[in-house]
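Below is one structure; the comments refer to it alone.
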Amino acid sequence: MGIAIGIDLGTTNSAAAIDERQPRVLPTRMNEPLTPSVVSFRQPRANSGSGVILVGRAAVNNATNAPQHTIFSIKRLMGRQVDDPKVAEVRGRYPFAVEPSDDPDDRGVRVVLNDVKYTPVQISAMILKSVVDDAEKALGGDVTHAVITVPAYFSEAQRAATRDAGDQAGLIVKKIVDEPTAAAVAFGIDRVDEQHRVLVYDLGGGTFDLSIIQTVSQRFEILAISGDNWLGGDDFDYPIVNRIIEWVRAEHDFDPSQDKRFLMLAKQHAERTKIGLSGQDEIDIIIPAAARLPGGGLVDVDLVYTRAEFEQAIQPLVDRATALVRQMLLDQHLTQDDITAVLLVGGSTSVPLVRAAIVNLFGEQKVRSYIDPMQSVALGAAILAVRLSGVECPSCLTTNPDDAATCSHCAAPLTSAPHVGEIRLGEVTPRSLGIGAVSQDGRAGTFAVIIPKGTPYPLPRAMERTFYSTSENMIRVPVYEGEDGIAKLNDLQGIIEYRLPSEVPPNSPVTVRFNYDKDRVLKVDIRVHGATDLHYDTTLTRDRPVVDTEDEEEWREDLEATTDTAEHFLETYSEYLERGSIAKVQADIRRGRQAYAEGNRTVGKQVDQALRMSLLGSGVATQLFLAERAMDGAPSESAERLSRASRELRDAYRTGDRRRVEEISMALQMVVMRIFQDRLRQSELSDREFDGLLREGRL
């Protein structure tokens, strides 16, 4: 075996560390402790042949020259589906293109780099490969194994995507470990004999993680996990970006918000300003030649931004994080007094307002931040990379290599084998896992839980529930992760579909079994009991293509409805769209009409996905469009609120009041979401619309 390291694959920065008598972070080729999680394409230089893909600091340096060919914050897109509303929400922030796959049955997102579509896994693999190459240079040897960390609140699909990225980078992934757990290991809370109940507060670049961990000696028992995958330092940057945009508008009567180079520069300076305000009361933001005016002159940004302005802008985000802490304690029937220590992890915990909120909640004496919050996760992963020495066979207790599938001594499967070594980890699932089903009273889209939130894993045996088939033709099992009773309001992890042979009668019993292995990879086993005993098992991996069971007319009906909606969208809201966006939607509509006429299902489904992304990811136009749809059939009071908010949003947009636009948009999103959720909860489908979903049985 070669060298084993720990890797913190972060949203903004990544780091590698090794434990040699004492853990240390390894320097990059630029002699820096962190590798920016950025990938960029540099166009070919004169007489130099083809261009080159850059990673890390070199990519950051190239970003302003090629903003549309620079990928960042890719961690937020890992394991995400193309129709995820959150993807549509953040898509407008990025200068690079976020698009659906060319395969209409592939639900995953793609990012475009030099006109080539890449999966988030492929981009993450490039970052990991760069980190490993730098580590090998620093160590003078081959790095073959790694413990890679992920947010504790990552879904099963996101964890699987991270493991895939490690595999593509040429690593043997010893274990995927939750970032708060790795941080707790780095802080050394296992080195004392007394028992601790520790809260890990991990606010990184793109995600917010909370864990309550009980420790004694070398044993870490995770009691609870919470968090928000869409809250992090990235969100702290954008109020500063908006302030820079407002300054340019006021000083030059010019809106630079559609200039991709300007937005990249503003984002970079916003991040520096955020960091600087941790030690200063105000910062001069100076960006020479930030943008070009329509008349040809250059805009030099020169403004003063204060900590008071910054804290006022991010206060709602900090309050959101604090509310999650309070709710987590409440759910566990704990008070602040029951927590013995609070570990601050992640670069965003260096923001004074964030630290003050935690100190106000728990007291100064409990807050620990004596390890660099941006390095603690990598350091803990390095310790685990050395001290996790294999997996233990549940049958004969033989220790086997980390990547072994069966025991070398007794040949027993190692799916449920725990990791062993000097440190023992007791891990739990952060959210419930189940399927979309038909309830006993005939309501479709019910979330039927199979593995409840907080279940320890690896599971000693599979957890199962028995359902009944609703179709004589097929079985359709959509797998979700979350806590809402309505399946579609949770995170879709994948869909398993297969056709039934004619001898299987309707209402046959169907047993669905879920099992997490030691790395929380989900194994799904479906058994149909009837005249013949059908058995289907699979590993649910990221972006698993859905087996298409729709008939010839269904895709046509979907495409026709989407193109009609897109035409209405353009007619009604074109003044809120960029010219390029209008041209793209118009072109997609033409392609859709042609695909419909020619019966080209593949192109038709591609266009359908592209149009849906445009409808859901076009900023103010999307907000007004969704408000219009929500008003149709809404109670009069709600409809009036939506109508008033829509008028205010239009006025704010036309007057260029960007801050007001964002405030109204956020409020409008909440009202629209509640209306759509209520409609989902009230909807009932007839038997012929169950489409192969399973029906819940009597408990």
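Just so we're on the same page: first chain in the structure tokens is A, next is B, and so on; residues restart at 1 for each chain, and ligands are numbered from 1 in the order they show up.
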
For the strand (DSSP E or B) assignment from backbone DSSP, which residues of segment 141-304 of chain A qualify? Please present them as number ranges by chain. A: 143-150, 172-178, 196-203, 208-216, 219-228, 282-292, 298-304

Would you pick out the contacts of Pro430 of chain A at 8 Å or less, using only C-alpha atoms, so that residues sharing its chain but fewer than 6 positions from it are not included, and give the list as a PyMOL selection string? chain A and resi 152-153+224-226+453-454

Mind listing the helix (DSSP H, G or I) residues of segment 83-329 of chain A, per DSSP on the backbone, as a compact mmCIF listing (two decimals) with N, CA and C atoms, in the first residue's frame?
# COMPACT_ATOMS: atom_id res chain seq x y z
N PRO A 85 -34.97 22.56 -7.63
CA PRO A 85 -35.21 24.02 -7.60
C PRO A 85 -34.01 24.81 -7.10
N LYS A 86 -33.22 24.23 -6.21
CA LYS A 86 -32.05 24.93 -5.70
C LYS A 86 -30.99 25.13 -6.78
N VAL A 87 -30.89 24.16 -7.68
CA VAL A 87 -29.95 24.30 -8.80
C VAL A 87 -30.37 25.49 -9.66
N ALA A 88 -31.65 25.59 -9.94
CA ALA A 88 -32.15 26.72 -10.74
C ALA A 88 -31.91 28.04 -10.01
N GLU A 89 -32.02 28.03 -8.68
CA GLU A 89 -31.87 29.25 -7.89
C GLU A 89 -30.45 29.80 -7.95
N VAL A 90 -29.44 28.92 -7.84
CA VAL A 90 -28.05 29.40 -7.80
C VAL A 90 -27.44 29.50 -9.20
N ARG A 91 -28.11 28.93 -10.17
CA ARG A 91 -27.57 28.90 -11.54
C ARG A 91 -27.27 30.30 -12.06
N PRO A 120 -20.45 17.16 -12.41
CA PRO A 120 -19.78 17.66 -11.20
C PRO A 120 -18.75 16.67 -10.66
N VAL A 121 -19.01 15.38 -10.83
CA VAL A 121 -18.04 14.37 -10.39
C VAL A 121 -16.73 14.51 -11.15
N GLN A 122 -16.80 14.73 -12.45
CA GLN A 122 -15.57 14.86 -13.25
C GLN A 122 -14.77 16.10 -12.85
N ILE A 123 -15.46 17.21 -12.59
CA ILE A 123 -14.76 18.43 -12.15
C ILE A 123 -14.13 18.20 -10.77
N SER A 124 -14.87 17.56 -9.88
CA SER A 124 -14.33 17.27 -8.53
C SER A 124 -13.14 16.34 -8.61
N ALA A 125 -13.18 15.39 -9.55
CA ALA A 125 -12.05 14.48 -9.74
C ALA A 125 -10.80 15.24 -10.18
N MET A 126 -10.98 16.26 -11.03
CA MET A 126 -9.84 17.09 -11.44
C MET A 126 -9.22 17.79 -10.22
N ILE A 127 -10.08 18.30 -9.34
CA ILE A 127 -9.57 18.98 -8.13
C ILE A 127 -8.84 17.98 -7.24
N LEU A 128 -9.44 16.81 -7.04
CA LEU A 128 -8.79 15.78 -6.20
C LEU A 128 -7.46 15.35 -6.80
N LYS A 129 -7.42 15.18 -8.12
CA LYS A 129 -6.17 14.75 -8.76
C LYS A 129 -5.08 15.79 -8.55
N SER A 130 -5.43 17.06 -8.64
CA SER A 130 -4.46 18.12 -8.40
C SER A 130 -3.96 18.10 -6.96
N VAL A 131 -4.88 17.90 -6.02
CA VAL A 131 -4.51 17.81 -4.60
C VAL A 131 -3.55 16.65 -4.37
N VAL A 132 -3.85 15.50 -4.97
CA VAL A 132 -3.01 14.31 -4.80
C VAL A 132 -1.63 14.53 -5.43
N ASP A 133 -1.60 15.12 -6.63
CA ASP A 133 -0.32 15.39 -7.29
C ASP A 133 0.57 16.28 -6.42
N ASP A 134 -0.02 17.31 -5.83
CA ASP A 134 0.74 18.20 -4.95
C ASP A 134 1.23 17.46 -3.71
N ALA A 135 0.36 16.59 -3.16
CA ALA A 135 0.74 15.83 -1.97
C ALA A 135 1.91 14.89 -2.28
N GLU A 136 1.87 14.25 -3.44
CA GLU A 136 2.96 13.35 -3.81
C GLU A 136 4.28 14.11 -3.97
N LYS A 137 4.18 15.32 -4.51
CA LYS A 137 5.39 16.13 -4.66
C LYS A 137 5.95 16.51 -3.30
N ALA A 138 5.06 16.85 -2.35
CA ALA A 138 5.51 17.24 -1.02
C ALA A 138 6.07 16.07 -0.23
N LEU A 139 5.53 14.86 -0.47
CA LEU A 139 5.93 13.68 0.31
C LEU A 139 7.01 12.86 -0.38
N GLU A 156 -27.36 10.77 0.35
CA GLU A 156 -26.73 9.53 -0.10
C GLU A 156 -26.15 9.71 -1.49
N ALA A 157 -26.88 10.39 -2.38
CA ALA A 157 -26.40 10.60 -3.75
C ALA A 157 -25.15 11.46 -3.77
N GLN A 158 -25.08 12.45 -2.90
CA GLN A 158 -23.92 13.33 -2.86
C GLN A 158 -22.69 12.62 -2.31
N ARG A 159 -22.90 11.76 -1.33
CA ARG A 159 -21.77 10.97 -0.81
C ARG A 159 -21.26 10.01 -1.88
N ALA A 160 -22.20 9.37 -2.58
CA ALA A 160 -21.81 8.45 -3.65
C ALA A 160 -21.05 9.19 -4.74
N ALA A 161 -21.48 10.42 -5.05
CA ALA A 161 -20.80 11.22 -6.07
C ALA A 161 -19.37 11.54 -5.64
N THR A 162 -19.18 11.82 -4.36
CA THR A 162 -17.84 12.12 -3.84
C THR A 162 -16.94 10.90 -3.95
N ARG A 163 -17.48 9.74 -3.62
CA ARG A 163 -16.68 8.51 -3.76
C ARG A 163 -16.33 8.28 -5.23
N ASP A 164 -17.28 8.52 -6.13
CA ASP A 164 -17.00 8.37 -7.56
C ASP A 164 -15.86 9.29 -7.99
N ALA A 165 -15.87 10.52 -7.47
CA ALA A 165 -14.81 11.47 -7.81
C ALA A 165 -13.45 10.96 -7.34
N GLY A 166 -13.41 10.38 -6.14
CA GLY A 166 -12.17 9.80 -5.63
C GLY A 166 -11.69 8.66 -6.51
N ASP A 167 -12.63 7.81 -6.93
CA ASP A 167 -12.27 6.70 -7.82
C ASP A 167 -11.70 7.22 -9.14
N GLN A 168 -12.35 8.24 -9.71
CA GLN A 168 -11.89 8.79 -10.98
C GLN A 168 -10.53 9.47 -10.85
N GLU A 179 -17.50 15.70 7.83
CA GLU A 179 -16.56 16.76 8.19
C GLU A 179 -16.56 17.07 9.69
N PRO A 180 -17.71 17.17 10.35
CA PRO A 180 -17.67 17.44 11.79
C PRO A 180 -16.96 16.35 12.59
N THR A 181 -17.12 15.10 12.18
CA THR A 181 -16.44 14.00 12.88
C THR A 181 -14.93 14.13 12.72
N ALA A 182 -14.48 14.42 11.49
CA ALA A 182 -13.05 14.60 11.25
C ALA A 182 -12.51 15.76 12.09
N ALA A 183 -13.27 16.84 12.16
CA ALA A 183 -12.83 17.99 12.95
C ALA A 183 -12.71 17.63 14.43
N ALA A 184 -13.66 16.85 14.94
CA ALA A 184 -13.61 16.44 16.35
C ALA A 184 -12.37 15.61 16.63
N VAL A 185 -12.01 14.76 15.68
CA VAL A 185 -10.79 13.96 15.82
C VAL A 185 -9.57 14.88 15.87
N ALA A 186 -9.54 15.89 14.99
CA ALA A 186 -8.40 16.81 14.93
C ALA A 186 -8.26 17.61 16.22
N GLY A 233 -20.17 30.34 3.18
CA GLY A 233 -19.43 31.57 2.90
C GLY A 233 -19.76 32.17 1.54
N ASP A 234 -20.10 31.33 0.56
CA ASP A 234 -20.53 31.84 -0.74
C ASP A 234 -21.68 32.83 -0.58
N ASP A 235 -22.61 32.49 0.30
CA ASP A 235 -23.79 33.34 0.50
C ASP A 235 -23.42 34.64 1.23
N PHE A 236 -22.32 34.63 2.00
CA PHE A 236 -21.85 35.84 2.66
C PHE A 236 -21.19 36.79 1.66
N ASP A 237 -20.70 36.24 0.54
CA ASP A 237 -20.02 37.07 -0.46
C ASP A 237 -21.00 37.91 -1.27
N TYR A 238 -22.18 37.37 -1.54
CA TYR A 238 -23.05 38.02 -2.52
C TYR A 238 -23.65 39.36 -2.08
N PRO A 239 -23.88 39.61 -0.79
CA PRO A 239 -24.27 40.98 -0.42
C PRO A 239 -23.19 42.01 -0.78
N ILE A 240 -21.91 41.61 -0.68
CA ILE A 240 -20.82 42.53 -1.05
C ILE A 240 -20.81 42.72 -2.57
N VAL A 241 -21.00 41.63 -3.31
CA VAL A 241 -21.09 41.73 -4.78
C VAL A 241 -22.21 42.70 -5.16
N ASN A 242 -23.36 42.57 -4.51
CA ASN A 242 -24.49 43.43 -4.83
C ASN A 242 -24.19 44.90 -4.49
N ARG A 243 -23.44 45.11 -3.41
CA ARG A 243 -23.06 46.49 -3.04
C ARG A 243 -22.15 47.10 -4.11
N ILE A 244 -21.24 46.30 -4.65
CA ILE A 244 -20.35 46.78 -5.72
C ILE A 244 -21.17 47.13 -6.96
N ILE A 245 -22.13 46.27 -7.30
CA ILE A 245 -23.00 46.53 -8.45
C ILE A 245 -23.79 47.82 -8.25
N GLU A 246 -24.34 48.02 -7.04
CA GLU A 246 -25.11 49.23 -6.75
C GLU A 246 -24.25 50.47 -6.88
N TRP A 247 -22.98 50.38 -6.45
CA TRP A 247 -22.08 51.53 -6.53
C TRP A 247 -21.85 51.92 -7.99
N VAL A 248 -21.61 50.92 -8.84
CA VAL A 248 -21.40 51.21 -10.27
C VAL A 248 -22.65 51.83 -10.87
N ARG A 249 -23.81 51.33 -10.53
CA ARG A 249 -25.05 51.89 -11.06
C ARG A 249 -25.21 53.36 -10.66
N ALA A 250 -24.93 53.62 -9.37
CA ALA A 250 -25.12 54.98 -8.87
C ALA A 250 -24.09 55.95 -9.44
N GLU A 251 -22.85 55.51 -9.56
CA GLU A 251 -21.78 56.40 -10.00
C GLU A 251 -21.71 56.57 -11.51
N HIS A 252 -22.13 55.56 -12.26
CA HIS A 252 -21.93 55.59 -13.71
C HIS A 252 -23.22 55.39 -14.51
N LYS A 260 -19.94 39.08 -17.34
CA LYS A 260 -19.40 37.92 -16.63
C LYS A 260 -18.02 38.21 -16.04
N ARG A 261 -17.18 38.94 -16.76
CA ARG A 261 -15.86 39.28 -16.21
C ARG A 261 -15.99 40.16 -14.97
N PHE A 262 -16.89 41.13 -15.05
CA PHE A 262 -17.11 42.01 -13.89
C PHE A 262 -17.59 41.20 -12.68
N LEU A 263 -18.53 40.28 -12.90
CA LEU A 263 -19.06 39.49 -11.79
C LEU A 263 -17.97 38.62 -11.17
N MET A 264 -17.07 38.08 -12.00
CA MET A 264 -15.97 37.28 -11.46
C MET A 264 -15.04 38.15 -10.61
N LEU A 265 -14.70 39.34 -11.10
CA LEU A 265 -13.87 40.26 -10.33
C LEU A 265 -14.56 40.66 -9.02
N ALA A 266 -15.84 40.97 -9.11
CA ALA A 266 -16.58 41.39 -7.92
C ALA A 266 -16.63 40.27 -6.89
N LYS A 267 -16.81 39.02 -7.35
CA LYS A 267 -16.84 37.88 -6.43
C LYS A 267 -15.49 37.71 -5.73
N GLN A 268 -14.40 37.83 -6.49
CA GLN A 268 -13.07 37.67 -5.89
C GLN A 268 -12.81 38.76 -4.85
N HIS A 269 -13.16 39.99 -5.17
CA HIS A 269 -12.93 41.09 -4.23
C HIS A 269 -13.88 41.01 -3.04
N ALA A 270 -15.08 40.48 -3.27
CA ALA A 270 -16.01 40.31 -2.15
C ALA A 270 -15.46 39.32 -1.13
N GLU A 271 -14.87 38.22 -1.62
CA GLU A 271 -14.30 37.24 -0.72
C GLU A 271 -13.15 37.83 0.09
N ARG A 272 -12.29 38.61 -0.58
CA ARG A 272 -11.19 39.26 0.14
C ARG A 272 -11.72 40.26 1.16
N THR A 273 -12.77 40.99 0.79
CA THR A 273 -13.35 41.97 1.71
C THR A 273 -13.94 41.29 2.93
N LYS A 274 -14.64 40.21 2.71
CA LYS A 274 -15.22 39.44 3.83
C LYS A 274 -14.13 39.00 4.81
N ILE A 275 -13.03 38.47 4.28
CA ILE A 275 -11.93 38.03 5.14
C ILE A 275 -11.31 39.21 5.87
N GLY A 276 -11.10 40.32 5.15
CA GLY A 276 -10.49 41.50 5.76
C GLY A 276 -11.32 42.11 6.87
N ARG A 307 -17.75 47.02 8.22
CA ARG A 307 -18.20 45.80 8.89
C ARG A 307 -19.67 45.92 9.29
N ALA A 308 -20.10 47.13 9.66
CA ALA A 308 -21.50 47.32 10.05
C ALA A 308 -22.43 46.99 8.89
N GLU A 309 -22.09 47.45 7.68
CA GLU A 309 -22.89 47.12 6.50
C GLU A 309 -22.93 45.62 6.27
N PHE A 310 -21.77 45.00 6.38
CA PHE A 310 -21.66 43.56 6.14
C PHE A 310 -22.50 42.78 7.14
N GLU A 311 -22.39 43.13 8.41
CA GLU A 311 -23.11 42.38 9.43
C GLU A 311 -24.61 42.56 9.30
N GLN A 312 -25.04 43.75 8.91
CA GLN A 312 -26.47 43.95 8.68
C GLN A 312 -26.96 43.07 7.54
N ALA A 313 -26.13 42.92 6.49
CA ALA A 313 -26.54 42.14 5.33
C ALA A 313 -26.59 40.65 5.63
N ILE A 314 -25.67 40.15 6.46
CA ILE A 314 -25.61 38.70 6.70
C ILE A 314 -26.35 38.27 7.96
N GLN A 315 -26.91 39.22 8.69
CA GLN A 315 -27.61 38.86 9.93
C GLN A 315 -28.69 37.79 9.72
N PRO A 316 -29.50 37.88 8.66
CA PRO A 316 -30.51 36.82 8.45
C PRO A 316 -29.88 35.44 8.26
N LEU A 317 -28.71 35.37 7.61
CA LEU A 317 -28.04 34.09 7.41
C LEU A 317 -27.53 33.53 8.73
N VAL A 318 -26.95 34.39 9.56
CA VAL A 318 -26.46 33.95 10.87
C VAL A 318 -27.63 33.52 11.75
N ASP A 319 -28.73 34.26 11.68
CA ASP A 319 -29.92 33.88 12.45
C ASP A 319 -30.45 32.52 12.00
N ARG A 320 -30.37 32.26 10.71
CA ARG A 320 -30.83 30.98 10.16
C ARG A 320 -29.99 29.83 10.74
N ALA A 321 -28.69 30.05 10.82
CA ALA A 321 -27.80 29.03 11.38
C ALA A 321 -28.08 28.82 12.87
N THR A 322 -28.28 29.91 13.60
CA THR A 322 -28.56 29.81 15.03
C THR A 322 -29.88 29.09 15.29
N ALA A 323 -30.87 29.34 14.45
CA ALA A 323 -32.16 28.66 14.60
C ALA A 323 -32.00 27.16 14.43
N LEU A 324 -31.13 26.74 13.50
CA LEU A 324 -30.89 25.30 13.32
C LEU A 324 -30.23 24.69 14.54
N VAL A 325 -29.32 25.43 15.19
CA VAL A 325 -28.69 24.95 16.43
C VAL A 325 -29.75 24.74 17.50
N ARG A 326 -30.59 25.74 17.69
CA ARG A 326 -31.63 25.65 18.74
C ARG A 326 -32.58 24.48 18.46
N GLN A 327 -32.96 24.32 17.19
CA GLN A 327 -33.89 23.25 16.85
C GLN A 327 -33.26 21.88 17.08
N MET A 328 -31.97 21.77 16.77
CA MET A 328 -31.27 20.50 16.96
C MET A 328 -31.24 20.12 18.44
N LEU A 329 -30.94 21.08 19.29
CA LEU A 329 -30.93 20.82 20.73
C LEU A 329 -32.33 20.41 21.20

Work out how far apart atom CA of Ser369 of chain A and atom CA of Ala381 of chain A are and give it in Å to one decimal.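 Between these atoms lies a distance of 17.5 Å.
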
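Taking only C-alpha atoms into account, Glu32 of chain A lies nearest to A:Asn13 out of the set A:Pro456, A:Leu388, A:Asn13, A:Ala169.
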
Near-segment 393-398 of chain A list (9 Å; only C-alpha atoms; drop same-chain fewer than 5 positions) as a list in words: Thr406, Cys407, Ser408, His409, Cys410, Ala412, Pro413, Leu414, Ser416, Ala417, Pro418 and Pro460 of chain A

Quick one: pull the distance between atom CA of Ile172 of chain A and atom CA of Ser389 of chain A, Å, one decimal.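 Those two atoms sit 13.5 Å apart.
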